[in-house]
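**Q** One file is attached below, model-v3.pdb, containing PDB, C-alpha atoms and all ligand atoms.
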```pdb
ATOM      1  CA  MET A 231      75.914  73.004  92.278
ATOM      2  CA  THR A 232      74.148  73.384  88.938
ATOM      3  CA  LEU A 233      72.879  76.741  87.724
ATOM      4  CA  ASN A 234      69.311  75.550  88.318
ATOM      5  CA  GLN A 235      70.139  74.586  91.901
ATOM      6  CA  PHE A 236      71.692  78.027  92.323
ATOM      7  CA  ARG A 237      68.490  79.694  91.077
ATOM      8  CA  ASN A 238      66.378  77.598  93.450
ATOM      9  CA  MET A 239      68.631  78.375  96.384
ATOM     10  CA  PHE A 240      68.756  82.133  95.708
ATOM     11  CA  PRO A 241      65.384  83.042  94.141
ATOM     12  CA  ASP A 242      65.372  86.639  95.464
ATOM     13  CA  GLU A 243      67.280  89.273  97.439
ATOM     14  CA  GLY A 244      65.800  88.068 100.750
ATOM     15  CA  ALA A 245      67.205  84.567 100.259
ATOM     16  CA  CYS A 246      70.644  85.962  99.289
ATOM     17  CA  ARG A 247      70.716  88.253 102.341
ATOM     18  CA  LYS A 248      69.686  85.422 104.662
ATOM     19  CA  TYR A 249      72.428  83.212 103.241
ATOM     20  CA  LEU A 250      75.109  85.908 103.668
ATOM     21  CA  GLU A 251      73.966  86.578 107.245
ATOM     22  CA  LYS A 252      74.300  82.885 108.035
ATOM     23  CA  VAL A 253      77.799  82.715 106.533
ATOM     24  CA  ILE A 254      79.174  86.022 107.830
ATOM     25  CA  TRP A 255      77.572  85.786 111.302
ATOM     26  CA  PRO A 256      77.590  82.034 112.057
ATOM     27  CA  SER A 257      77.181  82.655 115.813
ATOM     28  CA  GLY A 258      74.841  85.636 115.686
ATOM     29  CA  ARG A 259      75.013  89.258 114.519
ATOM     30  CA  VAL A 260      78.175  91.225 115.251
ATOM     31  CA  CYS A 261      78.259  95.023 114.956
ATOM     32  CA  PRO A 262      80.998  95.786 112.398
ATOM     33  CA  HIS A 263      81.593  99.187 114.048
ATOM     34  CA  CYS A 264      82.297  98.108 117.636
ATOM     35  CA  GLY A 265      82.068  94.300 117.756
ATOM     36  CA  CYS A 266      79.017  94.311 120.055
ATOM     37  CA  LEU A 267      76.834  91.181 119.895
ATOM     38  CA  SER A 268      73.565  92.918 120.713
ATOM     39  CA  SER A 269      71.560  94.705 118.014
ATOM     40  CA  TRP A 270      68.010  94.978 116.712
ATOM     41  CA  ARG A 271      66.405  95.042 113.309
ATOM     42  CA  LEU A 272      65.120  98.413 112.061
ATOM     43  CA  GLN A 273      61.677  97.786 110.662
ATOM     44  CA  SER A 274      60.263 101.210 109.806
ATOM     45  CA  ASN A 275      58.952 101.758 106.277
ATOM     46  CA  SER A 276      61.952 103.934 105.432
ATOM     47  CA  ALA A 277      64.546 101.384 106.658
ATOM     48  CA  ARG A 278      66.401  99.328 104.038
ATOM     49  CA  SER A 279      65.874  95.600 104.322
ATOM     50  CA  GLY A 280      68.419  93.860 106.502
ATOM     51  CA  LEU A 281      69.298  97.054 108.416
ATOM     52  CA  TYR A 282      70.243  96.677 112.092
ATOM     53  CA  GLU A 283      71.130  99.090 114.886
ATOM     54  CA  CYS A 284      73.780  98.304 117.475
ATOM     55  CA  SER A 285      72.647  98.572 121.109
ATOM     56  CA  ALA A 286      76.099  99.725 122.256
ATOM     57  CA  CYS A 287      77.286 102.279 119.675
ATOM     58  CA  ALA A 288      73.908 102.943 117.977
ATOM     59  CA  GLY A 289      75.648 102.480 114.636
ATOM     60  CA  GLN A 290      73.532 101.133 111.807
ATOM     61  CA  PHE A 291      74.721  98.272 109.664
ATOM     62  CA  THR A 292      73.781  95.480 107.274
ATOM     63  CA  VAL A 293      75.520  92.190 106.546
ATOM     64  CA  THR A 294      77.621  93.864 103.845
ATOM     65  CA  THR A 295      78.826  96.825 105.943
ATOM     66  CA  LYS A 296      82.635  97.043 105.978
ATOM     67  CA  THR A 297      82.985  94.087 103.565
ATOM     68  CA  PRO A 298      84.063  94.369  99.888
ATOM     69  CA  LEU A 299      80.301  94.591  99.154
ATOM     70  CA  HIS A 300      79.940  97.724 101.317
ATOM     71  CA  SER A 301      77.578 100.317  99.730
ATOM     72  CA  THR A 302      77.145  98.170  96.643
ATOM     73  CA  LYS A 303      74.457  99.278  94.219
ATOM     74  CA  LEU A 304      74.282  95.814  92.678
ATOM     75  CA  PRO A 305      71.733  93.236  93.851
ATOM     76  CA  LEU A 306      73.195  90.601  96.173
ATOM     77  CA  GLN A 307      71.950  88.020  93.687
ATOM     78  CA  THR A 308      74.370  89.462  91.095
ATOM     79  CA  TRP A 309      77.253  89.203  93.566
ATOM     80  CA  LEU A 310      76.458  85.595  94.422
ATOM     81  CA  LEU A 311      76.062  84.726  90.741
ATOM     82  CA  ALA A 312      79.472  86.279  90.014
ATOM     83  CA  LEU A 313      80.940  84.241  92.869
ATOM     84  CA  TYR A 314      79.344  81.117  91.402
ATOM     85  CA  PHE A 315      80.810  81.761  87.940
ATOM     86  CA  ILE A 316      84.297  82.499  89.287
ATOM     87  CA  ILE A 317      84.363  79.433  91.555
ATOM     88  CA  TYR A 318      83.203  77.054  88.835
ATOM     89  CA  SER A 319      85.430  78.271  85.995
ATOM     90  CA  SER A 320      88.733  76.410  85.982
ATOM     91  CA  LYS A 321      90.781  79.108  84.246
ATOM     92  CA  GLY A 322      88.845  82.110  85.521
ATOM     93  CA  ILE A 323      86.583  84.512  83.650
ATOM     94  CA  SER A 324      87.546  87.770  81.981
ATOM     95  CA  SER A 325      85.629  90.889  82.966
ATOM     96  CA  VAL A 326      84.208  91.079  79.413
ATOM     97  CA  ILE A 327      82.551  87.663  79.694
ATOM     98  CA  LEU A 328      81.508  88.234  83.314
ATOM     99  CA  ALA A 329      79.848  91.501  82.229
ATOM    100  CA  LYS A 330      77.832  89.671  79.555
ATOM    101  CA  TRP A 331      76.783  86.883  81.884
ATOM    102  CA  LEU A 332      75.791  89.231  84.714
ATOM    103  CA  GLY A 333      74.223  91.903  82.530
ATOM    104  CA  VAL A 334      76.430  94.713  83.859
ATOM    105  CA  ASN A 335      79.041  96.890  82.160
ATOM    106  CA  GLN A 336      82.641  95.721  81.877
ATOM    107  CA  LYS A 337      84.008  98.210  84.407
ATOM    108  CA  THR A 338      81.535  96.992  87.028
ATOM    109  CA  ALA A 339      82.327  93.354  86.210
ATOM    110  CA  TRP A 340      86.054  94.086  86.624
ATOM    111  CA  LYS A 341      85.451  95.575  90.085
ATOM    112  CA  VAL A 342      83.153  92.710  91.124
ATOM    113  CA  GLY A 343      85.695  90.144  89.897
ATOM    114  CA  HIS A 344      88.530  91.772  91.802
ATOM    115  CA  ALA A 345      86.503  92.095  95.011
ATOM    116  CA  ILE A 346      85.595  88.393  94.823
ATOM    117  CA  ARG A 347      89.174  87.329  94.080
ATOM    118  CA  THR A 348      90.314  89.345  97.109
ATOM    119  CA  MET A 349      87.720  87.609  99.283
ATOM    120  CA  MET A 350      88.919  84.240  97.991
ATOM    121  CA  THR A 351      92.454  84.840  99.250
ATOM    122  CA  VAL A 352      93.189  81.839 101.416
ATOM    123  CA  HIS A 353      95.290  82.908 104.386
ATOM    124  CA  ALA A 354      98.006  80.366 105.073
ATOM    125  CA  ASP A 355      97.795  80.931 108.828
ATOM    126  CA  SER A 356      94.150  79.872 108.899
ATOM    127  CA  ILE A 357      94.570  76.544 107.114
ATOM    128  CA  GLY A 358      97.852  75.170 108.419
ATOM    129  CA  LEU A 359     101.036  73.941 106.793
ATOM    130  CA  LEU A 360     101.240  71.549 103.871
ATOM    131  CA  SER A 361     102.552  68.101 104.776
ATOM    132  CA  GLY A 362     103.169  64.722 103.165
ATOM    133  CA  VAL A 363     104.648  64.905  99.675
ATOM    134  CA  VAL A 364     104.836  68.544  98.547
ATOM    135  CA  GLU A 365     105.991  69.736  95.121
ATOM    136  CA  LEU A 366     107.699  73.135  94.845
ATOM    137  CA  ASP A 367     107.967  75.074  91.620
ATOM    138  CA  GLU A 368     108.140  78.638  90.388
ATOM    139  CA  LYS A 369     106.735  80.313  87.320
ATOM    140  CA  TYR A 370     107.414  83.659  85.675
ATOM    141  CA  LEU A 371     104.170  85.407  84.746
ATOM    142  CA  GLY A 372     103.331  88.653  82.981
ATOM    143  CA  GLY A 373     105.317  90.655  80.458
ATOM    144  CA  LYS A 374     104.931  90.426  76.713
ATOM    145  CA  PRO A 375     103.937  87.233  74.853
ATOM    146  CA  ARG A 376     106.876  85.036  73.819
ATOM    147  CA  PHE A 377     106.273  85.700  70.112
ATOM    148  CA  GLN A 378     104.724  89.010  69.088
ATOM    149  CA  HIS A 379     104.805  90.680  65.680
ATOM    150  CA  GLY A 380     107.835  88.609  64.627
ATOM    151  CA  VAL A 381     109.778  89.524  67.785
ATOM    152  CA  LYS A 382     110.831  86.803  70.214
ATOM    153  CA  HIS A 383     110.644  88.041  73.789
ATOM    154  CA  PRO A 384     112.734  86.234  76.443
ATOM    155  CA  ARG A 385     110.948  84.085  78.996
ATOM    156  CA  GLY A 386     111.491  83.034  82.604
ATOM    157  CA  LYS A 387     114.454  83.805  84.787
ATOM    158  CA  GLY A 388     116.438  86.957  84.024
ATOM    159  CA  THR A 389     113.410  88.819  82.629
ATOM    160  CA  LYS A 390     111.344  91.453  84.389
ATOM    161  CA  LYS A 391     108.442  88.994  84.678
ATOM    162  CA  THR A 392     106.898  88.355  88.095
ATOM    163  CA  CYS A 393     107.990  85.183  89.865
ATOM    164  CA  VAL A 394     105.083  83.207  91.318
ATOM    165  CA  HIS A 395     105.927  80.346  93.635
ATOM    166  CA  VAL A 396     103.631  77.378  94.197
ATOM    167  CA  ALA A 397     103.737  74.613  96.755
ATOM    168  CA  VAL A 398     101.340  71.786  95.881
ATOM    169  CA  SER A 399     100.562  68.975  98.267
ATOM    170  CA  ARG A 400      99.830  65.707  96.500
ATOM    171  CA  LYS A 401      96.859  65.475  98.888
ATOM    172  CA  GLY A 402      95.346  68.413  96.972
ATOM    173  CA  SER A 403      96.013  71.743  98.724
ATOM    174  CA  VAL A 404      98.013  74.533  97.097
ATOM    175  CA  ARG A 405      99.761  77.659  98.356
ATOM    176  CA  ALA A 406     100.787  80.261  95.788
ATOM    177  CA  GLY A 407     102.472  83.601  96.261
ATOM    178  CA  VAL A 408     104.507  86.248  94.455
ATOM    179  CA  ILE A 409     108.194  86.297  95.405
ATOM    180  CA  PRO A 410     110.897  88.824  94.429
ATOM    181  CA  GLY A 411     113.320  86.175  93.058
ATOM    182  CA  ASP A 412     114.370  82.549  93.351
ATOM    183  CA  SER A 413     117.444  82.788  95.593
ATOM    184  CA  TYR A 414     117.728  80.723  98.795
ATOM    185  CA  ALA A 415     117.336  83.900 100.889
ATOM    186  CA  VAL A 416     113.962  84.575  99.266
ATOM    187  CA  LEU A 417     112.681  81.020  98.862
ATOM    188  CA  ALA A 418     113.569  79.581 102.286
ATOM    189  CA  PRO A 419     111.334  81.818 104.461
ATOM    190  CA  HIS A 420     108.574  81.757 101.844
ATOM    191  CA  VAL A 421     108.449  77.954 101.583
ATOM    192  CA  LYS A 422     108.746  77.411 105.348
ATOM    193  CA  ARG A 423     105.726  79.668 105.860
ATOM    194  CA  PHE A 424     103.594  77.218 103.888
ATOM    195  CA  VAL A 425     105.243  73.808 104.164
ATOM    196  CA  SER A 426     105.859  71.746 107.303
ATOM    197  CA  LEU A 427     109.479  70.683 107.912
ATOM    198  CA  ASP A 428     108.119  67.109 108.213
ATOM    199  CA  ALA A 429     107.144  67.161 104.539
ATOM    200  CA  ARG A 430     108.954  65.328 101.753
ATOM    201  CA  VAL A 431     109.620  67.967  99.107
ATOM    202  CA  MET A 432     109.966  67.396  95.366
ATOM    203  CA  THR A 433     111.745  70.020  93.270
ATOM    204  CA  ASP A 434     113.792  70.603  90.157
ATOM    205  CA  GLN A 435     117.527  71.206  90.606
ATOM    206  CA  LEU A 436     117.488  74.937  91.173
ATOM    207  CA  HIS A 437     120.431  75.749  93.501
ATOM    208  CA  ALA A 438     118.195  77.221  96.165
ATOM    209  CA  TYR A 439     116.073  74.050  96.320
ATOM    210  CA  MET A 440     119.124  71.810  96.654
ATOM    211  CA  ALA A 441     120.110  73.703  99.820
ATOM    212  CA  LEU A 442     116.563  74.171 101.097
ATOM    213  CA  GLY A 443     115.619  70.512 100.557
ATOM    214  CA  LYS A 444     118.107  69.420 103.249
ATOM    215  CA  GLU A 445     116.014  71.207 105.877
ATOM    216  CA  PHE A 446     112.957  69.025 105.227
ATOM    217  CA  SER A 447     112.474  65.403 106.293
ATOM    218  CA  GLY A 448     112.981  64.245 102.709
ATOM    219  CA  HIS A 449     113.969  65.790  99.387
ATOM    220  CA  GLU A 450     114.042  64.427  95.864
ATOM    221  CA  SER A 451     114.811  66.388  92.742
ATOM    222  CA  VAL A 452     114.534  65.828  89.011
ATOM    223  CA  ASN A 453     117.069  67.211  86.576
ATOM    224  CA  HIS A 454     115.243  69.165  83.897
ATOM    225  CA  GLY A 455     118.648  70.034  82.367
ATOM    226  CA  ILE A 456     118.945  66.477  81.024
ATOM    227  CA  LYS A 457     115.217  66.255  80.234
ATOM    228  CA  GLU A 458     114.482  64.171  83.298
ATOM    229  CA  TYR A 459     110.890  64.990  84.247
ATOM    230  CA  ALA A 460     110.040  62.024  86.468
ATOM    231  CA  ARG A 461     111.988  59.341  88.281
ATOM    232  CA  GLY A 462     109.611  56.948  90.002
ATOM    233  CA  LYS A 463     107.497  59.077  92.315
ATOM    234  CA  ALA A 464     109.940  61.991  92.137
ATOM    235  CA  HIS A 465     108.508  64.722  89.927
ATOM    236  CA  VAL A 466     107.026  68.220  90.052
ATOM    237  CA  ASN A 467     104.379  67.585  87.392
ATOM    238  CA  THR A 468     101.446  68.503  89.668
ATOM    239  CA  ALA A 469     102.977  71.896  90.473
ATOM    240  CA  GLU A 470     103.929  72.460  86.828
ATOM    241  CA  SER A 471     100.432  71.660  85.620
ATOM    242  CA  PHE A 472      98.995  74.115  88.180
ATOM    243  CA  ASN A 473     101.351  76.757  86.793
ATOM    244  CA  ALA A 474     100.605  75.833  83.191
ATOM    245  CA  ILE A 475      96.856  76.338  83.690
ATOM    246  CA  GLN A 476      97.608  79.749  85.181
ATOM    247  CA  GLU A 477      99.678  80.622  82.103
ATOM    248  CA  ARG A 478      96.933  79.442  79.743
ATOM    249  CA  ALA A 479      94.370  81.459  81.711
ATOM    250  CA  LYS A 480      96.580  84.523  81.311
ATOM    251  CA  GLN A 481      96.947  84.014  77.576
ATOM    252  CA  GLY A 482      93.486  82.731  76.724
ATOM    253  CA  VAL A 483      91.158  84.384  79.237
ATOM    254  CA  PHE A 484      92.638  87.531  80.776
ATOM    255  CA  HIS A 485      95.214  88.319  78.011
ATOM    256  CA  TYR A 486      96.984  90.724  80.329
ATOM    257  CA  VAL A 487      97.538  90.532  84.077
ATOM    258  CA  SER A 488      99.357  93.430  85.691
ATOM    259  CA  ARG A 489     102.081  92.697  88.237
ATOM    260  CA  GLN A 490     100.146  94.218  91.143
ATOM    261  CA  HIS A 491      97.090  92.031  90.475
ATOM    262  CA  ILE A 492      98.816  88.666  89.969
ATOM    263  CA  PRO A 493      98.186  87.494  93.569
ATOM    264  CA  ARG A 494      94.441  88.076  93.089
ATOM    265  CA  TYR A 495      94.344  85.996  89.935
ATOM    266  CA  GLU A 496      96.040  83.146  91.829
ATOM    267  CA  SER A 497      93.509  83.270  94.678
ATOM    268  CA  PRO A 498      90.511  81.542  93.062
ATOM    269  CA  ARG A 499      92.604  78.577  91.937
ATOM    270  CA  VAL A 500      94.186  78.131  95.362
ATOM    271  CA  PHE A 501      90.731  78.511  96.933
ATOM    272  CA  ARG A 502      89.227  75.934  94.568
ATOM    273  CA  ARG A 503      91.941  73.383  95.323
ATOM    274  CA  GLN A 504      91.612  73.980  99.061
ATOM    275  CA  PHE A 505      87.864  73.460  99.038
ATOM    276  CA  SER A 506      87.783  70.755  96.325
ATOM    277  CA  PHE A 507      86.005  72.679  93.594
ATOM    278  CA  GLU A 508      88.647  71.715  91.017
ATOM    279  CA  SER A 509      86.815  68.625  89.816
ATOM    280  CA  SER A 510      83.683  70.459  88.723
ATOM    281  CA  CYS A 511      84.326  73.304  86.351
ATOM    282  CA  LEU A 512      82.291  75.416  83.960
ATOM    283  CA  VAL A 513      84.995  76.152  81.394
TER     284      VAL A 513
HETATM  285 ZN    ZN B 601      78.315  98.838 117.598
END
```
Can I see the file as structure tokens?
**A**
Amino acid sequence: MTLNQFRNMFPDEGACRKYLEKVIWPSGRVCPHCGCLSSWRLQSNSARSGLYECSACAGQFTVTTKTPLHSTKLPLQTWLLALYFIIYSSKGISSVILAKWLGVNQKTAWKVGHAIRTMMTVHADSIGLLSGVVELDEKYLGGKPRFQHGVKHPRGKGTKKTCVHVAVSRKGSVRAGVIPGDSYAVLAPHVKRFVSLDARVMTDQLHAYMALGKEFSGHESVNHGIKEYARGKAHVNTAESFNAIQERAKQGVFHYVSRQHIPRYESPRVFRRQFSFESSCLV
């Protein structure tokens, strides 16, 4: 969708509200207080637009009640525009840039960005297991830059950096998650939560993968220790490039990502891959 198409689709608050109602209540209004399916629109002059009253609990609600947009003071158009920018930017957008583009202050843009990233969390249970050829790889994110003020900081394993694991299907879908280490005990349950045992997995020669690979229908590994990065169709380049973009986004866009927020910064990229937005990017 181009920015012009976006403007035509969402010319005013009414259009944005109608769109959200269609997406959030695809089979009709649901009271967010009690789950009742029967409610009526409040149409008095004092009622806010889009306000409904439940016929069972008499609670009042709008389409944003009990969502991350609950009690928002921002126009819905601003929220949808922020969503548009975040979806279409391949490496993400910092809150400073988002603030400029939306015309809000940086603190507000930070909160909007985080709420949207939370909403973009793709729940593994709702989209099934990865199958076919699946590449597994891990990446250590966070901490200080490798070179800073003449000091060389260590990288990767053995540091206090956060380990992010990715499983990338060569069909396109990705699952990413933060894990507390890269031992078999940690990796095995994590990977099996996302990847079908029928899959053919591709890995490097980390000890845990060599044991874990035997539990899948096929396993091939490349030996990075001897600079082997591909052997025929055996490689983890897709997973590594996914991780590399995340690293560049951290360095070039966000500059600093705290450990507690890393999963949220992964969400938009996983979401984009899942719903095929990766090919059309703003940045
Ligand atoms: Zn109710």
**Q** For a test of reading the model, state the distance in Å between CA of Ala339 (chain A) and CA of Leu371 (chain A), rounded to one decimal.
**A**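 Going from CA of Ala339 (chain A) over to CA of Leu371 (chain A), I get 23.3 Å.
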**Q** Quick one: apply the PyMOL selection byres (((chain A and resi 412) around 9) and not hetatm) to the file and drop the selected residues here as a PDB file with C-alpha atoms, in the frame of the given file.
**A**
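Here's the written file result-v3.pdb:
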```
ATOM      1  CA  GLU A 368     108.140  78.638  90.388  1.00  0.00           C
ATOM      2  CA  LYS A 387     114.454  83.805  84.787  1.00  0.00           C
ATOM      3  CA  CYS A 393     107.990  85.183  89.865  1.00  0.00           C
ATOM      4  CA  HIS A 395     105.927  80.346  93.635  1.00  0.00           C
ATOM      5  CA  ILE A 409     108.194  86.297  95.405  1.00  0.00           C
ATOM      6  CA  PRO A 410     110.897  88.824  94.429  1.00  0.00           C
ATOM      7  CA  GLY A 411     113.320  86.175  93.058  1.00  0.00           C
ATOM      8  CA  SER A 413     117.444  82.788  95.593  1.00  0.00           C
ATOM      9  CA  TYR A 414     117.728  80.723  98.795  1.00  0.00           C
ATOM     10  CA  ALA A 415     117.336  83.900 100.889  1.00  0.00           C
ATOM     11  CA  VAL A 416     113.962  84.575  99.266  1.00  0.00           C
ATOM     12  CA  LEU A 417     112.681  81.020  98.862  1.00  0.00           C
ATOM     13  CA  LEU A 436     117.488  74.937  91.173  1.00  0.00           C
ATOM     14  CA  ALA A 438     118.195  77.221  96.165  1.00  0.00           C
TER      15      ALA A 438
END
```
**Q** Neighbouring residues of ligand ZN 601 (chain B) are defined here as those with any atom at most 6 Å from a ligand atom, counting all atoms listed in the file; list them as a count of residues only.
**A** 9
**Q** Excluding region 439-456 of chain A and its own-chain neighbours fewer than 4 positions away, which residues fall within 8 Å of it when counting all atoms listed in the file? Please give them as a ChimeraX atom specification.
**A** /A:414,418,426-435,460-461,464-466
**Q** Can you build me a table of region 293-325 of chain A residues sitting at most 9 Å from region 235-242 of chain A, with the closest atom pair per residue and its distance in Å to one decimal, using only C-alpha atoms, sorted by chain and residue number, as JSON lines?
**A**
```
{"residue": "A:Leu306", "atom": "CA", "partner": "A:Asp242", "partner_atom": "CA", "distance": 8.8}
{"residue": "A:Gln307", "atom": "CA", "partner": "A:Asp242", "partner_atom": "CA", "distance": 7.0}
{"residue": "A:Leu310", "atom": "CA", "partner": "A:Phe240", "partner_atom": "CA", "distance": 8.5}
{"residue": "A:Leu311", "atom": "CA", "partner": "A:Phe236", "partner_atom": "CA", "distance": 8.2}
{"residue": "A:Tyr314", "atom": "CA", "partner": "A:Phe236", "partner_atom": "CA", "distance": 8.3}
```
**Q** Of the residues A:Gly362, A:Gly402, A:Gly244, A:Gly258, which is the one nearest to Phe472 (chain A), using only C-alpha atoms?
**A** A:Gly402
**Q** Just checking: using only C-alpha atoms, which residue out of A:Leu366, A:Ala288, A:Arg259, A:Ser324 ends up closest to Gln336 (chain A)?
**A**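 When distances to Gln336 (chain A) are compared using only C-alpha atoms, the smallest one comes from A:Ser324.
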**Q** When you draw a straight line from CA of Lys341 (chain A) to CA of Ala329 (chain A), how long is it in Å?
**A**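 Pair CA of Lys341 (chain A) / CA of Ala329 (chain A) returns 10.5 Å.
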**Q** Could you check which of A:Thr392, A:Gln290, A:Thr468, A:Ser257 is closest to Ala277 (chain A), using only C-alpha atoms?
**A**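 Residue with the minimum atom-to-atom distance to Ala277 (chain A): A:Gln290.
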**Q** For the file shown, what are the residues hit by the PyMOL selection byres (((chain A and resi 424) around 9) and not hetatm), laid out as a PyMOL selection string?
**A** chain A and resi 354-355+358-360+397+405+420-423+425-426
**Q** Could you tell me how far CA of Tyr318 (chain A) sits from CA of Asn473 (chain A), in Å to one decimal place?
**A**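 So the two atoms, CA of Asn473 (chain A) and CA of Tyr318 (chain A), lie 18.3 Å apart.
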**Q** Provide an axis-aligned box for all listed atoms of region 447-452 of chain A, padding each side by 6 Å; report its centre and its edge lengths in Å to one decimal, as AutoDock Vina command-line options.
**A**
```
--center_x 113.6 --center_y 65.3 --center_z 97.7 --size_x 14.3 --size_y 14.1 --size_z 29.3
```
**Q** From the set A:Trp309, A:Tyr282, A:Phe315, A:Ser399, which residue has the shortest atom-to-atom contact distance to Thr295 (chain A), counting only C-alpha atoms?
**A**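 Distance minimum relative to Thr295 (chain A) lands on A:Tyr282.
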**Q** Put region 330-352 of chain A into a file with N, CA and C atoms, as a PDB file, in the first residue's frame.
**A**
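Output file selection_31.pdb is given in full below:
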```pdb
ATOM      1  N   LYS A 330       8.858  12.473  14.561  1.00  0.00           N
ATOM      2  CA  LYS A 330       8.858  13.506  13.507  1.00  0.00           C
ATOM      3  C   LYS A 330       7.791  13.222  12.470  1.00  0.00           C
ATOM      4  N   TRP A 331       7.706  11.954  12.060  1.00  0.00           N
ATOM      5  CA  TRP A 331       6.759  11.607  11.000  1.00  0.00           C
ATOM      6  C   TRP A 331       5.311  11.723  11.462  1.00  0.00           C
ATOM      7  N   LEU A 332       5.068  11.430  12.746  1.00  0.00           N
ATOM      8  CA  LEU A 332       3.684  11.472  13.242  1.00  0.00           C
ATOM      9  C   LEU A 332       3.299  12.843  13.779  1.00  0.00           C
ATOM     10  N   GLY A 333       4.316  13.664  14.069  1.00  0.00           N
ATOM     11  CA  GLY A 333       4.021  14.975  14.649  1.00  0.00           C
ATOM     12  C   GLY A 333       3.661  14.878  16.123  1.00  0.00           C
ATOM     13  N   VAL A 334       4.291  13.960  16.833  1.00  0.00           N
ATOM     14  CA  VAL A 334       4.067  13.836  18.287  1.00  0.00           C
ATOM     15  C   VAL A 334       5.424  13.930  18.979  1.00  0.00           C
ATOM     16  N   ASN A 335       5.441  14.007  20.328  1.00  0.00           N
ATOM     17  CA  ASN A 335       6.754  14.052  20.966  1.00  0.00           C
ATOM     18  C   ASN A 335       7.360  12.651  21.058  1.00  0.00           C
ATOM     19  N   GLN A 336       8.674  12.613  21.341  1.00  0.00           N
ATOM     20  CA  GLN A 336       9.403  11.351  21.265  1.00  0.00           C
ATOM     21  C   GLN A 336       8.899  10.319  22.277  1.00  0.00           C
ATOM     22  N   LYS A 337       8.514  10.819  23.467  1.00  0.00           N
ATOM     23  CA  LYS A 337       8.040   9.891  24.501  1.00  0.00           C
ATOM     24  C   LYS A 337       6.751   9.192  24.038  1.00  0.00           C
ATOM     25  N   THR A 338       5.873   9.978  23.424  1.00  0.00           N
ATOM     26  CA  THR A 338       4.620   9.404  22.907  1.00  0.00           C
ATOM     27  C   THR A 338       4.931   8.402  21.789  1.00  0.00           C
ATOM     28  N   ALA A 339       5.851   8.782  20.899  1.00  0.00           N
ATOM     29  CA  ALA A 339       6.195   7.888  19.785  1.00  0.00           C
ATOM     30  C   ALA A 339       6.776   6.581  20.310  1.00  0.00           C
ATOM     31  N   TRP A 340       7.567   6.661  21.383  1.00  0.00           N
ATOM     32  CA  TRP A 340       8.161   5.452  21.975  1.00  0.00           C
ATOM     33  C   TRP A 340       7.050   4.526  22.477  1.00  0.00           C
ATOM     34  N   LYS A 341       6.064   5.123  23.170  1.00  0.00           N
ATOM     35  CA  LYS A 341       4.958   4.311  23.707  1.00  0.00           C
ATOM     36  C   LYS A 341       4.116   3.706  22.585  1.00  0.00           C
ATOM     37  N   VAL A 342       3.844   4.505  21.554  1.00  0.00           N
ATOM     38  CA  VAL A 342       3.057   4.015  20.410  1.00  0.00           C
ATOM     39  C   VAL A 342       3.807   2.860  19.735  1.00  0.00           C
ATOM     40  N   GLY A 343       5.111   3.061  19.516  1.00  0.00           N
ATOM     41  CA  GLY A 343       5.925   2.030  18.865  1.00  0.00           C
ATOM     42  C   GLY A 343       5.908   0.733  19.660  1.00  0.00           C
ATOM     43  N   HIS A 344       6.053   0.836  20.962  1.00  0.00           N
ATOM     44  CA  HIS A 344       6.077  -0.372  21.784  1.00  0.00           C
ATOM     45  C   HIS A 344       4.727  -1.072  21.803  1.00  0.00           C
ATOM     46  N   ALA A 345       3.641  -0.276  21.858  1.00  0.00           N
ATOM     47  CA  ALA A 345       2.304  -0.888  21.862  1.00  0.00           C
ATOM     48  C   ALA A 345       2.088  -1.642  20.551  1.00  0.00           C
ATOM     49  N   ILE A 346       2.515  -1.040  19.440  1.00  0.00           N
ATOM     50  CA  ILE A 346       2.325  -1.691  18.131  1.00  0.00           C
ATOM     51  C   ILE A 346       3.181  -2.944  18.023  1.00  0.00           C
ATOM     52  N   ARG A 347       4.434  -2.860  18.495  1.00  0.00           N
ATOM     53  CA  ARG A 347       5.299  -4.048  18.434  1.00  0.00           C
ATOM     54  C   ARG A 347       4.707  -5.179  19.270  1.00  0.00           C
ATOM     55  N   THR A 348       4.102  -4.832  20.410  1.00  0.00           N
ATOM     56  CA  THR A 348       3.469  -5.862  21.244  1.00  0.00           C
ATOM     57  C   THR A 348       2.307  -6.501  20.484  1.00  0.00           C
ATOM     58  N   MET A 349       1.523  -5.658  19.797  1.00  0.00           N
ATOM     59  CA  MET A 349       0.376  -6.204  19.056  1.00  0.00           C
ATOM     60  C   MET A 349       0.824  -7.071  17.881  1.00  0.00           C
ATOM     61  N   MET A 350       2.040  -6.829  17.396  1.00  0.00           N
ATOM     62  CA  MET A 350       2.538  -7.586  16.249  1.00  0.00           C
ATOM     63  C   MET A 350       3.181  -8.908  16.662  1.00  0.00           C
ATOM     64  N   THR A 351       3.183  -9.202  17.957  1.00  0.00           N
ATOM     65  CA  THR A 351       3.754 -10.475  18.397  1.00  0.00           C
ATOM     66  C   THR A 351       2.947 -11.610  17.782  1.00  0.00           C
ATOM     67  N   VAL A 352       3.634 -12.439  17.009  1.00  0.00           N
ATOM     68  CA  VAL A 352       2.942 -13.548  16.364  1.00  0.00           C
ATOM     69  C   VAL A 352       3.024 -14.739  17.305  1.00  0.00           C
TER      70      VAL A 352
END
```
